[in-house]
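Engineer: Submitted below is the structure of interest, expressed as structure tokens.
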Amino acid sequence: MTEPIRIAVADDHPMFRAGVVMSLREEADIDVVGEAADAGSALAIARSELPDVMVLDIAMPGSGLDAARAIAAACPATRIVMLTVSEDEDDLLAAMKAGASGYVLKGAGASELAGIIRSVHAGEVYVAPALAWGMLREMRTPRTTPYDELTER
């Protein structure tokens with residue numbers, strides 16, 4: 001049997017965090033090794049436990065994006081999954097630039113989240129389908145610069 005996927009969960013809402021942790025603990029191949037309520041605690045857990053996957057909320061005290069950047073720098077083997085209510089494309093792009101390998105909306109079910117954690121742990125990238133099209137559309141739109149709007153004169 002393979003080693004379980006070691007994860008840590010950081011979210012500032014205790015009830016939500018407890019629900020995520022409880023549902024993930026029911027998975028035989030996932031071991032929850034830490035919980036945090038803010039970015040600083042998330043980084044401390046990442047450094048001490050070196051989880052395989054760190055699940056972070058974007059909008060937690062200290063900024064989930066800042067935590068993602070710090071964890072990506074300090075623990076490069078730890079994969080990061082953002083679990084958020086934000087459907088903002090700028091947040092999605094900022095999370096990916098900060099080092100996230102997954103961007104999951106909080107409306108996801110427990111088994112869906114466990115599956116996403118497994119795929120991210122295996123090296124895949126996940127973006128919530130509701131946001132993927134917007135990101136692809138943005139990438140296909142030709143970029144303009146301020147110089148493009150200048151006339152010949």
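Identifiers in this document derive from the order of the structure tokens: chains are assigned A, B, ..., residues are numbered from 1 separately in each chain, and ligands are numbered from 1 in order of occurrence.
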Apply DSSP to the backbone of this structure and, from chain A, keep only the residues in strand (DSSP E or B); write these as a short mmCIF file (atom, residue, chain, number, x, y, z; two decimals) with all heavy atoms, in the first residue's frame.
Structural biologist:
```
data_model
loop_
_atom_site.label_atom_id
_atom_site.label_comp_id
_atom_site.auth_asym_id
_atom_site.auth_seq_id
_atom_site.Cartn_x
_atom_site.Cartn_y
_atom_site.Cartn_z
N ILE A 5 -1.66 10.58 1.44
CA ILE A 5 -1.35 11.96 1.08
C ILE A 5 -1.49 12.80 2.35
O ILE A 5 -2.55 12.83 2.97
CB ILE A 5 -2.33 12.48 0.00
CG1 ILE A 5 -2.25 11.60 -1.25
CG2 ILE A 5 -2.03 13.93 -0.33
CD1 ILE A 5 -3.37 11.87 -2.26
N ARG A 6 -0.41 13.46 2.73
CA ARG A 6 -0.40 14.28 3.94
C ARG A 6 -0.85 15.69 3.57
O ARG A 6 -0.23 16.33 2.71
CB ARG A 6 1.00 14.30 4.54
CG ARG A 6 1.47 12.89 4.91
CD ARG A 6 2.91 12.86 5.41
NE ARG A 6 2.97 13.42 6.74
CZ ARG A 6 3.50 14.60 7.06
NH1 ARG A 6 4.06 15.35 6.15
NH2 ARG A 6 3.48 15.03 8.30
N ILE A 7 -1.94 16.15 4.19
CA ILE A 7 -2.44 17.49 3.87
C ILE A 7 -2.61 18.33 5.13
O ILE A 7 -2.73 17.80 6.23
CB ILE A 7 -3.77 17.44 3.10
CG1 ILE A 7 -4.92 17.00 4.02
CG2 ILE A 7 -3.70 16.55 1.88
CD1 ILE A 7 -6.24 17.49 3.54
N ALA A 8 -2.65 19.63 4.92
CA ALA A 8 -2.98 20.59 5.97
C ALA A 8 -4.03 21.54 5.38
O ALA A 8 -4.03 21.80 4.18
CB ALA A 8 -1.75 21.36 6.42
N VAL A 9 -4.91 22.01 6.23
CA VAL A 9 -6.02 22.86 5.80
C VAL A 9 -5.97 24.18 6.56
O VAL A 9 -5.88 24.19 7.79
CB VAL A 9 -7.39 22.16 6.07
CG1 VAL A 9 -8.54 23.07 5.66
CG2 VAL A 9 -7.46 20.82 5.35
N ALA A 10 -6.05 25.29 5.83
CA ALA A 10 -6.05 26.62 6.45
C ALA A 10 -7.27 27.40 5.97
O ALA A 10 -7.41 27.67 4.78
CB ALA A 10 -4.77 27.37 6.11
N ILE A 30 -5.86 9.71 2.67
CA ILE A 30 -5.54 11.10 3.02
C ILE A 30 -5.36 11.20 4.53
O ILE A 30 -6.18 10.71 5.29
CB ILE A 30 -6.64 12.07 2.54
CG1 ILE A 30 -6.68 12.09 1.00
CG2 ILE A 30 -6.42 13.47 3.09
CD1 ILE A 30 -7.76 12.96 0.40
N ASP A 31 -4.26 11.84 4.93
CA ASP A 31 -3.96 12.04 6.35
C ASP A 31 -3.85 13.54 6.61
O ASP A 31 -2.98 14.21 6.05
CB ASP A 31 -2.63 11.33 6.68
CG ASP A 31 -2.26 11.42 8.14
OD1 ASP A 31 -3.14 11.68 8.99
OD2 ASP A 31 -1.06 11.22 8.45
N VAL A 32 -4.75 14.07 7.43
CA VAL A 32 -4.72 15.49 7.77
C VAL A 32 -3.69 15.68 8.88
O VAL A 32 -3.83 15.14 9.96
CB VAL A 32 -6.10 16.00 8.21
CG1 VAL A 32 -6.03 17.48 8.58
CG2 VAL A 32 -7.14 15.78 7.11
N VAL A 33 -2.64 16.46 8.58
CA VAL A 33 -1.54 16.63 9.54
C VAL A 33 -1.53 17.99 10.21
O VAL A 33 -0.68 18.24 11.07
CB VAL A 33 -0.17 16.36 8.87
CG1 VAL A 33 -0.09 14.93 8.37
CG2 VAL A 33 0.10 17.35 7.74
N GLY A 34 -2.46 18.88 9.83
CA GLY A 34 -2.49 20.19 10.47
C GLY A 34 -3.64 21.04 10.02
O GLY A 34 -4.22 20.83 8.95
N GLU A 35 -3.99 22.01 10.89
CA GLU A 35 -5.05 22.97 10.62
C GLU A 35 -4.55 24.35 11.03
O GLU A 35 -3.81 24.48 12.01
CB GLU A 35 -6.30 22.67 11.45
CG GLU A 35 -6.98 21.37 11.15
CD GLU A 35 -8.21 21.19 12.04
OE1 GLU A 35 -9.06 22.12 12.11
OE2 GLU A 35 -8.31 20.12 12.66
N ALA A 36 -5.00 25.37 10.30
CA ALA A 36 -4.62 26.75 10.62
C ALA A 36 -5.79 27.67 10.33
O ALA A 36 -6.66 27.34 9.52
CB ALA A 36 -3.41 27.16 9.80
N VAL A 53 0.18 18.32 0.36
CA VAL A 53 -0.76 19.30 -0.19
C VAL A 53 -1.22 20.23 0.92
O VAL A 53 -1.57 19.77 2.01
CB VAL A 53 -1.98 18.61 -0.84
CG1 VAL A 53 -2.97 19.64 -1.37
CG2 VAL A 53 -1.56 17.65 -1.95
N MET A 54 -1.23 21.51 0.63
CA MET A 54 -1.73 22.52 1.56
C MET A 54 -2.98 23.12 0.95
O MET A 54 -2.95 23.60 -0.19
CB MET A 54 -0.67 23.61 1.76
CG MET A 54 -0.97 24.60 2.82
SD MET A 54 -0.51 23.94 4.41
CE MET A 54 -1.33 25.06 5.49
N VAL A 55 -4.10 23.07 1.66
CA VAL A 55 -5.36 23.64 1.20
C VAL A 55 -5.52 24.99 1.89
O VAL A 55 -5.53 25.06 3.11
CB VAL A 55 -6.54 22.71 1.54
CG1 VAL A 55 -7.86 23.34 1.09
CG2 VAL A 55 -6.35 21.34 0.89
N LEU A 56 -5.62 26.07 1.10
CA LEU A 56 -5.66 27.43 1.63
C LEU A 56 -6.89 28.19 1.16
O LEU A 56 -7.27 28.09 -0.01
CB LEU A 56 -4.43 28.23 1.15
CG LEU A 56 -3.05 27.76 1.54
CD1 LEU A 56 -2.00 28.59 0.79
CD2 LEU A 56 -2.85 27.88 3.03
N ARG A 79 2.40 20.95 -2.65
CA ARG A 79 1.48 21.47 -3.66
C ARG A 79 0.38 22.27 -2.95
O ARG A 79 -0.02 21.91 -1.85
CB ARG A 79 0.88 20.35 -4.47
CG ARG A 79 1.96 19.54 -5.18
CD ARG A 79 1.42 18.97 -6.45
NE ARG A 79 2.43 18.20 -7.14
CZ ARG A 79 3.23 18.68 -8.09
NH1 ARG A 79 3.12 19.93 -8.48
NH2 ARG A 79 4.12 17.92 -8.68
N ILE A 80 -0.08 23.31 -3.59
CA ILE A 80 -1.05 24.22 -2.97
C ILE A 80 -2.37 24.19 -3.73
O ILE A 80 -2.38 24.30 -4.96
CB ILE A 80 -0.49 25.66 -2.92
CG1 ILE A 80 0.79 25.69 -2.08
CG2 ILE A 80 -1.53 26.63 -2.39
CD1 ILE A 80 1.60 26.95 -2.22
N VAL A 81 -3.45 24.03 -2.97
CA VAL A 81 -4.80 24.09 -3.52
C VAL A 81 -5.53 25.22 -2.82
O VAL A 81 -5.63 25.23 -1.59
CB VAL A 81 -5.56 22.75 -3.29
CG1 VAL A 81 -7.02 22.90 -3.70
CG2 VAL A 81 -4.89 21.62 -4.05
N MET A 82 -6.02 26.18 -3.59
CA MET A 82 -6.81 27.26 -3.04
C MET A 82 -8.27 26.80 -3.00
O MET A 82 -8.79 26.31 -4.00
CB MET A 82 -6.70 28.53 -3.89
CG MET A 82 -5.27 29.03 -4.11
SD MET A 82 -4.27 29.29 -2.63
CE MET A 82 -5.02 30.74 -1.93
N LEU A 83 -8.91 26.92 -1.84
CA LEU A 83 -10.31 26.57 -1.66
C LEU A 83 -11.02 27.84 -1.25
O LEU A 83 -10.81 28.36 -0.15
CB LEU A 83 -10.45 25.49 -0.58
CG LEU A 83 -11.84 24.97 -0.28
CD1 LEU A 83 -12.50 24.40 -1.53
CD2 LEU A 83 -11.80 23.93 0.82
N THR A 84 -11.85 28.39 -2.14
CA THR A 84 -12.34 29.75 -1.97
C THR A 84 -13.75 29.96 -2.52
O THR A 84 -14.22 29.14 -3.32
CB THR A 84 -11.37 30.74 -2.67
OG1 THR A 84 -11.84 32.06 -2.52
CG2 THR A 84 -11.22 30.42 -4.15
N ALA A 100 -0.05 28.20 -6.64
CA ALA A 100 -1.12 27.22 -6.49
C ALA A 100 -1.18 26.29 -7.70
O ALA A 100 -0.96 26.72 -8.82
CB ALA A 100 -2.47 27.91 -6.31
N SER A 101 -1.50 25.04 -7.44
CA SER A 101 -1.70 24.05 -8.50
C SER A 101 -3.18 23.73 -8.66
O SER A 101 -3.57 23.01 -9.57
CB SER A 101 -0.96 22.76 -8.17
OG SER A 101 0.42 22.98 -8.11
N GLY A 102 -4.00 24.24 -7.74
CA GLY A 102 -5.43 23.99 -7.80
C GLY A 102 -6.21 25.19 -7.33
O GLY A 102 -5.76 25.92 -6.43
N TYR A 103 -7.38 25.39 -7.93
CA TYR A 103 -8.27 26.49 -7.55
C TYR A 103 -9.67 25.92 -7.53
O TYR A 103 -10.26 25.63 -8.57
CB TYR A 103 -8.16 27.64 -8.55
CG TYR A 103 -8.74 28.94 -8.06
CD1 TYR A 103 -7.92 29.87 -7.40
CD2 TYR A 103 -10.07 29.26 -8.25
CE1 TYR A 103 -8.44 31.08 -6.96
CE2 TYR A 103 -10.60 30.47 -7.81
CZ TYR A 103 -9.78 31.37 -7.16
OH TYR A 103 -10.28 32.58 -6.72
N VAL A 104 -10.20 25.71 -6.31
CA VAL A 104 -11.47 25.02 -6.10
C VAL A 104 -12.45 25.97 -5.44
O VAL A 104 -12.10 26.65 -4.48
CB VAL A 104 -11.26 23.78 -5.19
CG1 VAL A 104 -12.55 23.01 -5.03
CG2 VAL A 104 -10.14 22.90 -5.70
N LEU A 105 -13.67 25.98 -5.94
CA LEU A 105 -14.71 26.81 -5.31
C LEU A 105 -15.31 26.05 -4.13
O LEU A 105 -15.43 24.82 -4.16
CB LEU A 105 -15.79 27.17 -6.33
CG LEU A 105 -15.28 28.03 -7.50
CD1 LEU A 105 -16.40 28.27 -8.50
CD2 LEU A 105 -14.71 29.34 -7.01
N TYR A 126 -5.54 21.87 -11.41
CA TYR A 126 -6.99 21.90 -11.43
C TYR A 126 -7.49 23.34 -11.31
O TYR A 126 -7.04 24.08 -10.44
CB TYR A 126 -7.58 21.07 -10.28
CG TYR A 126 -9.09 21.14 -10.25
CD1 TYR A 126 -9.85 20.26 -11.01
CD2 TYR A 126 -9.75 22.11 -9.51
CE1 TYR A 126 -11.23 20.34 -11.01
CE2 TYR A 126 -11.14 22.19 -9.51
CZ TYR A 126 -11.87 21.31 -10.27
OH TYR A 126 -13.23 21.40 -10.28
N VAL A 127 -8.42 23.70 -12.19
CA VAL A 127 -9.11 24.98 -12.10
C VAL A 127 -10.60 24.68 -12.16
O VAL A 127 -11.05 23.91 -13.03
CB VAL A 127 -8.72 25.92 -13.27
CG1 VAL A 127 -9.55 27.19 -13.26
CG2 VAL A 127 -7.23 26.25 -13.20
#
```
Engineer: List every residue of chain A that DSSP, applied to the backbone of this structure, assigns to helix (DSSP H, G or I), and report them as a PyMOL selection string.
Structural biologist: chain A and resi 14-25+39-49+64-74+89-98+110-121+129-140+146-149
Engineer: Report the closest atom pair, with its distance in Å rounded to one decimal, for each residue of stretch 20-76 of chain A that has an atom no farther than 8 Å from stretch 106-123 of chain A; count only C-alpha atoms, sort by chain and then rising residue number, and write it as CSV.
Structural biologist:
```
residue,atom,partner,partner_atom,distance
A:Val20,CA,A:Ala110,CA,7.2
A:Ser23,CA,A:Ala110,CA,6.0
A:Leu24,CA,A:Ala114,CA,6.6
A:Glu27,CA,A:Ala114,CA,7.6
A:Asp52,CA,A:His121,CA,6.8
A:Val53,CA,A:His121,CA,6.6
```
Engineer: Put those residues in a file: N, CA and C atoms, as a PDB file, in the first residue's frame.
Structural biologist:
```
ATOM      1  N   VAL A  20     -14.351  20.401   6.384  1.00  0.00           N
ATOM      2  CA  VAL A  20     -13.393  19.944   5.377  1.00  0.00           C
ATOM      3  C   VAL A  20     -12.476  18.881   5.978  1.00  0.00           C
ATOM      4  N   SER A  23     -14.374  15.566   6.623  1.00  0.00           N
ATOM      5  CA  SER A  23     -14.659  14.806   5.400  1.00  0.00           C
ATOM      6  C   SER A  23     -13.393  14.205   4.807  1.00  0.00           C
ATOM      7  N   LEU A  24     -12.278  14.915   4.882  1.00  0.00           N
ATOM      8  CA  LEU A  24     -11.032  14.377   4.336  1.00  0.00           C
ATOM      9  C   LEU A  24     -10.470  13.247   5.199  1.00  0.00           C
ATOM     10  N   GLU A  27     -11.317   9.705   4.210  1.00  0.00           N
ATOM     11  CA  GLU A  27     -10.641   9.117   3.041  1.00  0.00           C
ATOM     12  C   GLU A  27      -9.441   8.305   3.522  1.00  0.00           C
ATOM     13  N   ASP A  52       2.138  17.126   1.876  1.00  0.00           N
ATOM     14  CA  ASP A  52       2.188  16.949   0.423  1.00  0.00           C
ATOM     15  C   ASP A  52       1.334  18.009  -0.261  1.00  0.00           C
ATOM     16  N   VAL A  53       0.182  18.319   0.361  1.00  0.00           N
ATOM     17  CA  VAL A  53      -0.756  19.297  -0.194  1.00  0.00           C
ATOM     18  C   VAL A  53      -1.217  20.226   0.923  1.00  0.00           C
TER      19      VAL A  53
END
```
Engineer: Write out as a VMD selection string which residues come within 8 Å of A:Leu65 when counting only C-alpha atoms, dropping same-chain ones fewer than 2 positions away.
Structural biologist: chain A and resid 58 63 67 to 69 94 to 95 98
Engineer: Print the selection's residues with N, CA and C atoms to a file, as an mmCIF file, in the first residue's frame.
Structural biologist:
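Listing of part.cif after writing:
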```
data_model
loop_
_atom_site.group_PDB
_atom_site.id
_atom_site.type_symbol
_atom_site.label_atom_id
_atom_site.label_comp_id
_atom_site.auth_asym_id
_atom_site.auth_seq_id
_atom_site.Cartn_x
_atom_site.Cartn_y
_atom_site.Cartn_z
ATOM 1 N N ILE A 58 -8.332 31.847 0.207
ATOM 2 C CA ILE A 58 -7.734 33.111 -0.245
ATOM 3 C C ILE A 58 -7.965 34.218 0.770
ATOM 4 N N SER A 63 -3.797 36.926 4.427
ATOM 5 C CA SER A 63 -3.895 36.680 2.983
ATOM 6 C C SER A 63 -3.444 35.281 2.583
ATOM 7 N N ALA A 67 0.269 33.627 1.873
ATOM 8 C CA ALA A 67 0.639 32.321 2.427
ATOM 9 C C ALA A 67 1.089 31.385 1.310
ATOM 10 N N ALA A 68 0.381 31.400 0.195
ATOM 11 C CA ALA A 68 0.752 30.538 -0.935
ATOM 12 C C ALA A 68 2.155 30.868 -1.434
ATOM 13 N N ARG A 69 2.441 32.159 -1.589
ATOM 14 C CA ARG A 69 3.783 32.571 -2.044
ATOM 15 C C ARG A 69 4.858 32.098 -1.069
ATOM 16 N N ALA A 94 -3.853 35.351 -9.820
ATOM 17 C CA ALA A 94 -2.920 35.672 -8.732
ATOM 18 C C ALA A 94 -2.556 34.414 -7.951
ATOM 19 N N ALA A 95 -3.529 33.534 -7.726
ATOM 20 C CA ALA A 95 -3.266 32.290 -6.997
ATOM 21 C C ALA A 95 -2.308 31.397 -7.778
ATOM 22 N N ALA A 98 1.077 32.742 -7.602
ATOM 23 C CA ALA A 98 1.629 32.590 -6.249
ATOM 24 C C ALA A 98 2.118 31.170 -5.989
#
```
Engineer: Near A:Cys75, within 10 Å and counting only C-alpha atoms, which residues show up once chain neighbours fewer than 3 positions away are dropped, as a list in words?
Structural biologist: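 Here the qualifying residues turn out to be Leu43, Ala46, Arg47, Ser48, Leu50, Pro51, Asp52, Arg69, Ala70, Ile71, Ala72, Thr78 and Arg79 of chain A.
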Engineer: Using only C-alpha atoms, which residue out of A:His13, A:Ala77, A:Gly62, A:Met22 lies closest to A:Glu49?
Structural biologist: A:Ala77
Engineer: Could you tell me how far atom CA of A:Ala44 sits from atom CA of A:Ala74, in Å to one decimal place?
Structural biologist: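 Answer for the atom CA of A:Ala74 to atom CA of A:Ala44 separation: 10.1 Å.
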Engineer: Can you measure atom CA of A:Glu89 to atom CA of A:Asp11 for me? One decimal in Å is fine.
Structural biologist: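 Going from atom CA of A:Glu89 over to atom CA of A:Asp11, I get 20.5 Å.
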